[in-house]
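Student: Dropping in work-v2.cif, which is mmCIF, C-alpha atoms:
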data_upload
#
loop_
_atom_site.label_atom_id
_atom_site.label_comp_id
_atom_site.auth_asym_id
_atom_site.auth_seq_id
_atom_site.Cartn_x
_atom_site.Cartn_y
_atom_site.Cartn_z
CA MET A 1 -47.27 -101.43 61.17
CA LYS A 2 -48.02 -102.34 57.62
CA LYS A 3 -50.95 -100.52 56.13
CA LYS A 4 -52.87 -102.01 53.24
CA PRO A 5 -52.40 -99.80 50.16
CA GLU A 6 -55.41 -97.80 49.05
CA PRO A 7 -56.95 -98.78 45.70
CA TYR A 8 -56.01 -96.71 42.68
CA LEU A 9 -58.35 -94.08 41.30
CA ASN A 10 -60.95 -94.98 38.73
CA PRO A 11 -59.07 -94.54 35.42
CA TYR A 12 -61.58 -92.05 34.02
CA VAL A 13 -61.42 -89.94 37.19
CA ALA A 14 -57.60 -90.10 37.13
CA GLY A 15 -57.71 -89.07 33.47
CA ILE A 16 -59.84 -86.01 34.22
CA PHE A 17 -57.48 -85.08 37.07
CA LEU A 18 -54.48 -85.41 34.73
CA GLY A 19 -56.28 -83.49 31.97
CA VAL A 20 -57.01 -80.58 34.30
CA VAL A 21 -53.34 -80.41 35.37
CA LEU A 22 -52.38 -80.39 31.68
CA PHE A 23 -54.90 -77.63 30.93
CA ILE A 24 -53.59 -75.50 33.81
CA SER A 25 -50.08 -75.88 32.38
CA TYR A 26 -51.28 -74.51 29.03
CA VAL A 27 -53.10 -71.62 30.71
CA VAL A 28 -50.25 -70.60 33.02
CA PHE A 29 -47.18 -71.37 30.89
CA GLY A 30 -48.52 -71.66 27.35
CA HIS A 31 -47.12 -75.17 26.93
CA GLY A 32 -47.83 -78.68 28.15
CA LEU A 33 -46.17 -81.11 30.55
CA GLY A 34 -42.77 -82.76 30.21
CA ALA A 35 -40.80 -85.52 31.87
CA SER A 36 -38.06 -86.73 29.52
CA GLY A 37 -36.64 -83.28 28.74
CA GLY A 38 -35.62 -82.71 32.36
CA ILE A 39 -33.86 -86.07 32.51
CA ALA A 40 -32.00 -85.22 29.28
CA LYS A 41 -30.89 -81.88 30.74
CA ILE A 42 -29.59 -83.60 33.86
CA ILE A 43 -27.67 -86.15 31.77
CA GLY A 44 -26.21 -83.33 29.67
CA ALA A 45 -25.12 -81.48 32.79
CA VAL A 46 -23.57 -84.61 34.32
CA THR A 47 -21.64 -85.34 31.11
CA ASP A 48 -20.48 -81.75 31.03
CA ALA A 49 -19.29 -81.89 34.63
CA VAL A 50 -17.48 -85.23 34.30
CA VAL A 51 -15.94 -84.86 30.84
CA PRO A 52 -16.29 -81.20 29.71
CA ALA A 53 -13.97 -81.73 26.74
CA HIS A 54 -16.28 -84.44 25.47
CA THR A 55 -19.34 -82.17 25.63
CA GLU A 56 -17.61 -79.60 23.48
CA LYS A 57 -17.09 -82.15 20.72
CA ASN A 58 -20.71 -83.24 20.83
CA ALA A 59 -22.89 -80.77 18.94
CA TYR A 60 -26.07 -82.27 20.34
CA LEU A 61 -24.97 -81.92 23.96
CA VAL A 62 -23.75 -78.37 23.32
CA GLY A 63 -27.20 -77.54 21.96
CA LEU A 64 -28.78 -79.03 25.06
CA MET A 65 -26.57 -76.86 27.26
CA ARG A 66 -26.93 -73.59 25.43
CA ASP A 67 -30.69 -73.10 25.98
CA SER A 68 -30.29 -71.45 29.36
CA ALA A 69 -27.68 -69.69 31.49
CA HIS A 70 -27.17 -72.80 33.59
CA PRO A 71 -28.03 -76.19 32.05
CA LEU A 72 -30.22 -77.15 35.00
CA ASP A 73 -31.97 -73.79 35.27
CA THR A 74 -34.87 -74.74 33.04
CA TRP A 75 -38.51 -75.53 33.62
CA LEU A 76 -37.95 -79.13 32.47
CA VAL A 77 -35.75 -79.85 35.46
CA PHE A 78 -38.08 -78.14 37.94
CA GLU A 79 -41.02 -80.13 36.61
CA VAL A 80 -39.08 -83.38 37.08
CA ILE A 81 -38.40 -82.38 40.70
CA GLY A 82 -42.13 -81.73 41.09
CA ILE A 83 -43.05 -85.11 39.58
CA LEU A 84 -40.80 -86.86 42.10
CA ILE A 85 -42.34 -84.91 45.01
CA GLY A 86 -45.90 -85.45 43.76
CA GLY A 87 -45.41 -89.18 43.26
CA PHE A 88 -43.82 -89.45 46.70
CA ILE A 89 -46.67 -87.58 48.42
CA SER A 90 -49.38 -89.57 46.66
CA GLY A 91 -47.65 -92.91 47.23
CA THR A 92 -46.99 -92.12 50.90
CA LEU A 93 -50.59 -91.04 51.58
CA ALA A 94 -51.89 -94.17 49.86
CA GLY A 95 -49.58 -96.50 51.80
CA ARG A 96 -47.57 -97.46 48.73
CA LEU A 97 -44.18 -96.18 49.81
CA ARG A 98 -41.99 -99.26 50.17
CA ILE A 99 -38.95 -100.77 48.52
CA GLU A 100 -40.15 -103.41 46.07
CA THR A 101 -39.89 -104.57 42.47
CA PHE A 102 -42.88 -104.90 40.19
CA LYS A 103 -42.60 -107.72 37.66
CA GLY A 104 -44.36 -110.56 35.91
CA PRO A 105 -44.95 -113.75 37.95
CA LYS A 106 -42.33 -115.85 36.15
CA ILE A 107 -39.13 -113.83 36.26
CA SER A 108 -36.62 -113.13 39.01
CA ASN A 109 -35.89 -109.70 40.47
CA PRO A 110 -32.47 -109.37 38.79
CA ALA A 111 -34.00 -110.35 35.43
CA ARG A 112 -36.67 -107.67 35.92
CA TRP A 113 -34.04 -105.06 36.79
CA ALA A 114 -32.05 -105.96 33.68
CA ALA A 115 -35.19 -105.70 31.53
CA ALA A 116 -36.09 -102.34 33.10
CA LEU A 117 -32.57 -101.03 32.47
CA PHE A 118 -32.50 -102.31 28.89
CA GLY A 119 -36.06 -101.14 28.13
CA GLY A 120 -35.21 -97.77 29.63
CA MET A 121 -32.18 -97.48 27.36
CA ILE A 122 -34.24 -98.20 24.26
CA ALA A 123 -37.02 -95.85 25.38
CA GLY A 124 -34.48 -93.13 26.21
CA TYR A 125 -32.96 -93.40 22.77
CA GLY A 126 -36.40 -93.37 21.12
CA VAL A 127 -37.50 -90.36 23.16
CA ARG A 128 -34.68 -88.28 21.78
CA ILE A 129 -35.30 -89.41 18.19
CA ALA A 130 -38.96 -88.41 18.57
CA ARG A 131 -38.18 -85.18 20.48
CA GLY A 132 -40.42 -86.05 23.36
CA CYS A 133 -42.10 -88.76 25.39
CA THR A 134 -45.60 -89.87 26.33
CA SER A 135 -45.97 -86.69 28.41
CA SER A 136 -44.54 -83.99 26.19
CA GLN A 137 -45.50 -85.47 22.83
CA ALA A 138 -48.46 -87.84 23.18
CA LEU A 139 -50.34 -86.20 26.05
CA SER A 140 -49.52 -82.51 25.56
CA GLY A 141 -49.17 -82.45 21.78
CA GLY A 142 -52.21 -84.72 21.54
CA ALA A 143 -54.42 -82.27 23.44
CA VAL A 144 -53.46 -79.31 21.23
CA LEU A 145 -53.90 -81.52 18.14
CA SER A 146 -50.32 -81.53 16.83
CA ALA A 147 -50.23 -83.86 13.81
CA GLY A 148 -46.73 -85.10 14.66
CA SER A 149 -47.74 -85.88 18.25
CA TRP A 150 -50.65 -88.02 17.08
CA ALA A 151 -48.31 -89.84 14.67
CA PHE A 152 -45.94 -90.44 17.61
CA MET A 153 -48.77 -91.74 19.80
CA LEU A 154 -49.93 -94.23 17.20
CA ALA A 155 -46.33 -95.35 16.62
CA VAL A 156 -45.79 -95.94 20.35
CA PHE A 157 -48.84 -98.19 20.63
CA ALA A 158 -47.92 -99.94 17.36
CA GLY A 159 -44.35 -100.59 18.53
CA ALA A 160 -45.42 -101.84 21.95
CA TYR A 161 -48.16 -104.14 20.63
CA LEU A 162 -45.81 -105.43 17.92
CA LEU A 163 -43.19 -106.48 20.45
CA ALA A 164 -45.55 -107.52 23.27
CA TYR A 165 -45.91 -111.11 22.06
CA PHE A 166 -42.14 -111.64 21.89
CA VAL A 167 -41.49 -110.41 25.41
CA ARG A 168 -44.56 -112.00 27.02
CA LYS A 169 -42.41 -114.04 29.41
CA LEU A 170 -41.51 -110.78 31.16
CA TRP A 171 -45.12 -110.08 32.10
CA ASN A 172 -47.23 -113.23 31.98
CA MET B 1 -55.92 -63.39 28.16
CA ALA B 2 -54.12 -66.64 28.86
CA PRO B 3 -51.50 -67.99 28.41
CA PHE B 4 -50.15 -65.62 31.04
CA ASP B 5 -46.63 -64.37 30.67
CA ILE B 6 -45.86 -65.19 34.28
CA ASN B 7 -42.12 -65.09 33.74
CA LEU B 8 -42.34 -61.32 33.29
CA SER B 9 -44.96 -60.68 35.95
CA LEU B 10 -43.53 -62.86 38.70
CA GLY B 11 -39.84 -63.28 37.99
CA HIS B 12 -37.59 -66.25 37.63
CA TYR B 13 -37.76 -67.89 41.05
CA TRP B 14 -41.53 -67.78 41.32
CA LEU B 15 -41.74 -69.20 37.84
CA ASN B 16 -39.61 -72.19 38.83
CA LEU B 17 -41.74 -72.69 41.93
CA PHE B 18 -44.83 -72.80 39.72
CA TYR B 19 -43.17 -75.49 37.63
CA VAL B 20 -42.43 -77.55 40.73
CA ILE B 21 -46.08 -77.20 41.82
CA THR B 22 -47.31 -78.24 38.36
CA GLY B 23 -44.94 -81.21 38.48
CA ILE B 24 -46.36 -82.18 41.89
CA GLY B 25 -49.88 -82.21 40.41
CA PHE B 26 -48.63 -84.25 37.47
CA GLY B 27 -46.73 -86.78 39.59
CA PHE B 28 -49.65 -87.06 42.03
CA ALA B 29 -52.10 -87.76 39.18
CA LEU B 30 -49.84 -90.41 37.64
CA GLU B 31 -49.34 -92.16 40.98
CA ARG B 32 -53.09 -92.14 41.76
CA ALA B 33 -53.78 -93.54 38.30
CA GLY B 34 -51.71 -96.60 39.21
CA PHE B 35 -48.84 -95.79 36.88
CA GLY B 36 -46.15 -96.22 39.50
CA ASP B 37 -46.64 -99.98 39.00
CA SER B 38 -45.16 -101.37 35.77
CA ARG B 39 -47.63 -104.28 35.78
CA ASN B 40 -50.51 -101.85 35.29
CA LEU B 41 -48.73 -100.31 32.30
CA ALA B 42 -47.63 -103.58 30.69
CA ALA B 43 -51.14 -105.07 31.10
CA GLN B 44 -52.31 -102.64 28.43
CA PHE B 45 -50.25 -104.49 25.84
CA TYR B 46 -51.67 -107.88 26.80
CA LEU B 47 -55.23 -106.50 26.84
CA ARG B 48 -55.84 -107.48 30.46
CA ASP B 49 -56.30 -103.94 31.75
CA MET B 50 -56.86 -100.92 29.50
CA ARG B 51 -56.02 -98.43 32.25
CA VAL B 52 -53.20 -96.76 30.27
CA PHE B 53 -55.45 -96.14 27.33
CA LYS B 54 -58.39 -94.93 29.45
CA VAL B 55 -56.39 -92.51 31.58
CA MET B 56 -54.42 -91.14 28.64
CA PHE B 57 -57.37 -90.51 26.36
CA THR B 58 -59.58 -89.16 29.14
CA ALA B 59 -56.77 -86.72 29.95
CA ILE B 60 -56.30 -85.73 26.30
CA VAL B 61 -60.05 -85.22 25.76
CA THR B 62 -60.42 -83.27 29.03
CA ALA B 63 -57.50 -80.93 28.30
CA MET B 64 -58.48 -80.56 24.63
CA LEU B 65 -62.08 -79.62 25.45
CA LEU B 66 -61.01 -77.15 28.16
CA ILE B 67 -58.46 -75.58 25.78
CA PHE B 68 -60.87 -75.19 22.86
CA TRP B 69 -63.80 -74.05 25.03
CA SER B 70 -61.50 -71.49 26.69
CA ASP B 71 -60.40 -70.33 23.26
CA ALA B 72 -64.01 -69.96 22.14
CA LEU B 73 -64.84 -67.97 25.28
CA GLY B 74 -61.83 -65.70 24.76
CA PHE B 75 -60.02 -66.86 27.91
CA LEU B 76 -57.12 -68.71 26.30
CA ASP B 77 -55.58 -67.94 22.92
CA TYR B 78 -54.99 -71.27 21.15
CA LYS B 79 -52.82 -69.51 18.57
CA ARG B 80 -50.35 -68.57 21.29
CA VAL B 81 -49.94 -71.94 22.99
CA TYR B 82 -47.04 -74.17 22.04
CA VAL B 83 -47.96 -76.81 19.48
CA ASN B 84 -45.27 -79.46 19.09
CA PRO B 85 -43.80 -79.07 15.60
CA THR B 86 -44.25 -82.06 13.32
CA TYR B 87 -41.21 -84.09 12.29
CA PHE B 88 -43.17 -86.93 10.78
CA TRP B 89 -40.52 -89.60 10.19
CA THR B 90 -38.64 -89.11 13.43
CA ALA B 91 -41.99 -89.19 15.28
CA ILE B 92 -42.81 -92.55 13.68
CA ILE B 93 -39.35 -94.12 14.09
CA GLY B 94 -38.80 -92.68 17.56
CA GLY B 95 -42.33 -93.72 18.55
CA VAL B 96 -41.83 -97.34 17.51
CA VAL B 97 -38.43 -97.52 19.25
CA PHE B 98 -39.98 -95.91 22.33
CA GLY B 99 -42.86 -98.42 22.21
CA PHE B 100 -40.35 -101.29 22.21
CA GLY B 101 -38.64 -99.83 25.27
CA PHE B 102 -42.02 -99.25 26.93
CA VAL B 103 -43.13 -102.89 26.74
CA ILE B 104 -39.70 -104.31 27.64
CA GLY B 105 -39.08 -101.93 30.53
CA GLY B 106 -42.66 -101.42 31.68
CA TYR B 107 -42.52 -97.64 32.04
CA CYS B 108 -42.29 -94.35 30.20
CA PRO B 109 -40.23 -91.44 31.57
CA GLY B 110 -42.93 -89.76 33.71
CA THR B 111 -44.28 -93.00 35.16
CA ALA B 112 -40.76 -94.29 35.87
CA LEU B 113 -40.02 -91.13 37.88
CA VAL B 114 -43.22 -91.68 39.89
CA SER B 115 -42.35 -95.35 40.42
CA MET B 116 -38.87 -94.39 41.57
CA SER B 117 -40.28 -91.75 43.93
CA THR B 118 -42.22 -94.47 45.76
CA LEU B 119 -39.06 -96.62 46.05
CA LYS B 120 -39.78 -99.16 43.33
CA LEU B 121 -36.50 -100.64 42.16
CA ASP B 122 -37.69 -101.47 38.63
CA GLY B 123 -38.63 -97.79 38.22
CA LEU B 124 -35.18 -96.76 39.37
CA PHE B 125 -33.50 -99.10 36.88
CA PHE B 126 -35.72 -97.77 34.10
CA VAL B 127 -34.68 -94.18 34.89
CA LEU B 128 -31.01 -95.26 34.83
CA GLY B 129 -31.65 -96.91 31.47
CA LEU B 130 -33.33 -93.78 30.14
CA SER B 131 -30.29 -91.75 31.11
CA ILE B 132 -27.94 -94.16 29.34
CA GLY B 133 -30.17 -94.22 26.24
CA MET B 134 -30.28 -90.43 26.07
CA PHE B 135 -26.51 -90.26 26.46
CA LEU B 136 -26.07 -92.79 23.64
CA PHE B 137 -28.35 -90.71 21.45
CA GLY B 138 -26.02 -87.75 21.94
CA GLU B 139 -23.08 -89.96 21.02
CA THR B 140 -24.61 -91.34 17.83
CA ILE B 141 -26.81 -88.55 16.46
CA GLY B 142 -23.81 -87.27 14.47
CA PHE B 143 -24.19 -90.21 12.08
CA TYR B 144 -27.64 -89.14 10.93
CA ARG B 145 -27.95 -85.54 12.05
CA ALA B 146 -29.20 -84.22 8.70
CA PHE B 147 -31.95 -86.84 8.60
CA TRP B 148 -32.98 -86.09 12.18
CA ASP B 149 -33.06 -82.32 11.59
CA THR B 150 -35.13 -82.26 8.44
CA SER B 151 -36.85 -85.55 7.62
CA GLY B 152 -40.60 -85.14 7.45
CA PHE B 153 -40.48 -81.63 8.91
CA TYR B 154 -43.72 -79.73 8.36
CA GLY B 155 -43.56 -77.09 11.09
CA ASP B 156 -46.47 -76.43 13.48
CA VAL B 157 -48.99 -78.49 11.57
CA THR B 158 -52.15 -79.57 13.40
CA LEU B 159 -54.67 -82.29 12.64
CA GLN B 160 -57.10 -79.64 11.37
CA ASP B 161 -54.40 -78.40 8.95
CA PHE B 162 -53.66 -81.95 7.90
CA PHE B 163 -57.27 -82.89 7.20
CA GLY B 164 -58.23 -79.46 5.91
CA VAL B 165 -61.18 -79.05 8.29
CA SER B 166 -61.98 -76.71 11.17
CA ALA B 167 -60.66 -77.33 14.67
CA GLY B 168 -64.22 -77.95 15.88
CA VAL B 169 -64.61 -80.89 13.53
CA VAL B 170 -61.37 -82.47 14.77
CA VAL B 171 -62.30 -81.90 18.42
CA PHE B 172 -65.68 -83.51 17.84
CA GLY B 173 -64.04 -86.38 15.94
CA VAL B 174 -61.53 -87.02 18.74
CA VAL B 175 -64.32 -87.07 21.36
CA VAL B 176 -66.43 -89.51 19.32
CA MET B 177 -63.42 -91.72 18.64
CA ALA B 178 -62.42 -91.71 22.32
CA ILE B 179 -65.92 -92.65 23.48
CA GLY B 180 -66.02 -95.45 20.91
CA MET B 181 -62.66 -96.73 22.05
CA PHE B 182 -63.61 -96.54 25.74
CA TRP B 183 -66.58 -98.74 24.88
CA VAL B 184 -64.29 -101.21 23.10
CA ALA B 185 -61.85 -101.10 26.03
CA GLU B 186 -64.63 -102.02 28.49
CA LYS B 187 -65.71 -104.90 26.24
CA VAL B 188 -62.15 -106.21 25.95
CA GLU B 189 -61.67 -106.08 29.73
CA ALA B 190 -65.00 -107.84 30.32
CA TYR B 191 -64.00 -110.54 27.83
CA PHE B 192 -60.67 -111.21 29.54
CA ALA B 193 -62.21 -111.07 33.01
CA ALA B 194 -64.78 -113.70 32.00
CA LYS B 195 -62.09 -116.09 30.80
CA PRO B 196 -60.96 -118.59 33.45
CA SER B 197 -57.77 -117.38 35.07
CA GLY B 198 -54.75 -119.52 35.78
CA GLY B 199 -52.07 -117.95 33.68
CA ASN B 200 -51.11 -118.47 30.10
CA PRO B 201 -51.52 -121.79 28.28
#
Can you turn what I pasted into structure tokens?
Tutor:
Amino acid sequence: MKKKPEPYLNPYVAGIFLGVVLFISYVVFGHGLGASGGIAKIIGAVTDAVVPAHTEKNAYLVGLMRDSAHPLDTWLVFEVIGILIGGFISGTLAGRLRIETFKGPKISNPARWAAALFGGMIAGYGVRIARGCTSSQALSGGAVLSAGSWAFMLAVFAGAYLLAYFVRKLWN
Amino acid sequence: MAPFDINLSLGHYWLNLFYVITGIGFGFALERAGFGDSRNLAAQFYLRDMRVFKVMFTAIVTAMLLIFWSDALGFLDYKRVYVNPTYFWTAIIGGVVFGFGFVIGGYCPGTALVSMSTLKLDGLFFVLGLSIGMFLFGETIGFYRAFWDTSGFYGDVTLQDFFGVSAGVVVFGVVVMAIGMFWVAEKVEAYFAAKPSGGNP
């Protein structure tokens, strides 16, 4: 039986919900939320497992590995696991758990997958240049008023709006 | 006084469990906000739906007010919480590059994970792309390591340091700015909703 998905939360209500979670993170752990760091740790660990000799030559990857006893034994990875569980629970309860592809009306599924892969690559590279993503930099650093995080946030919106016109066929 | 040093009081495994629980709250909030759907995120950049902006700034204002009120009441010590250090030029360059990837791919890392967790294939491809991009960063950072390590580095500088005013002034300014921009966002949405639909010319 196919259930009709529930509507999304009012954006201001969702924002308060998200802000409270962020605040709790600062109270309990003394730092904000993170998503990209955990993915980076997993990639570092995979590289290390597949081609250990290569990791040794790569100072950046070695740095990524050295933070903790085991590369995956870090809060960043546990938070990523939590994000996946939380998204799954929410999506399931709201009737949104199904295999599908979200895209603009004028492109095919494979074209959308290619764009998602390519956009992900660019975003992944940018995340590491900036030392954080929309969660760890913009949201968390924004709330504690880090100057660099606000610069990052403005740059993200500037970059996205700058390119939006040129990739409008993907979405419109 | 918070932040609590729960690593010492609870031990390693409990700490990790707390991180999983926090992540669940985070992922749940993102999914409820509609961020598991790339169309909702991309719409921000075509001004059709300002959901990204509204959720993000409501969250920032909420957390900021709770943090600074707690500090004023002596519950949370702002001086002891982690403030992302400022690397100005890498924040700007990385931010623009990230913004490009955001509008092409339709997600950011956290929202892509949530999308993937509800079986959306575009979210899955974005996460794969992120992984490749991060790997490539590791492969190429050697060419500009010195720039990346030092360019525009100012340490733990905050907006109140930067503008030379008290934290209260900045907090007030951010709240006023956010309310003003929410008002603009509602106007923009109303404008686009009033326009006859039927796709792009």
Student: Would you write out, as CSV, a table of all residues in region 46-129 of chain A that have an atom no more than 6 Å from an atom of region 2-21 of chain A, listing for each the closest atom pair and the distance in Å to one decimal, considering only C-alpha atoms and ordering rows by chain and rising residue number?
Tutor:
residue,atom,partner,partner_atom,distance
A:Ala94,CA,A:Glu6,CA,5.1
A:Gly95,CA,A:Pro5,CA,4.6
A:Arg96,CA,A:Pro5,CA,5.6
Student: Using all atoms listed in the file, which protein or nucleic acid residues come within 8 Å of region 105-114 of chain B? Drop anything in the same chain fewer than 5 positions from it, and give the result as a count of residues only.
Tutor: 33
Student: Would you kindly translate the PyMOL selection byres ((chain A and resi 170) around 9) into the concrete residues it picks from this file, as a PyMOL selection string?
Tutor: (chain A and resi 103-107+111-112+115+167-169+171-172) or (chain B and resi 104)
Student: So which residues get picked by the PyMOL selection byres ((chain B and resi 51-53) around 9) here, written as a CSV table (one decimal) with C-alpha atoms, keeping the file's coordinate frame?
Tutor:
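What follows is the written file selection-v8.csv:
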chain,number,residue,atom,x,y,z
A,10,ASN,CA,-61.0,-95.0,38.7
A,11,PRO,CA,-59.1,-94.5,35.4
A,12,TYR,CA,-61.6,-92.0,34.0
B,33,ALA,CA,-53.8,-93.5,38.3
B,34,GLY,CA,-51.7,-96.6,39.2
B,35,PHE,CA,-48.8,-95.8,36.9
B,40,ASN,CA,-50.5,-101.8,35.3
B,41,LEU,CA,-48.7,-100.3,32.3
B,42,ALA,CA,-47.6,-103.6,30.7
B,43,ALA,CA,-51.1,-105.1,31.1
B,44,GLN,CA,-52.3,-102.6,28.4
B,49,ASP,CA,-56.3,-103.9,31.8
B,50,MET,CA,-56.9,-100.9,29.5
B,54,LYS,CA,-58.4,-94.9,29.4
B,55,VAL,CA,-56.4,-92.5,31.6
B,56,MET,CA,-54.4,-91.1,28.6
B,57,PHE,CA,-57.4,-90.5,26.4
B,58,THR,CA,-59.6,-89.2,29.1
B,181,MET,CA,-62.7,-96.7,22.0
B,182,PHE,CA,-63.6,-96.5,25.7
B,185,ALA,CA,-61.8,-101.1,26.0
Student: What is the distance between CA of Phe26 (chain B) and CA of Tyr161 (chain A), in Å to one decimal?
Tutor: 26.1 Å
Student: Evaluating the PyMOL selection byres ((chain A and resi 42) around 12) on the displayed file yields which residues, as a ChimeraX atom specification?
Tutor: /A:35-41,43-49,61,64-65,70-74,76-78,80-81 /B:127-128,130-132,134-135
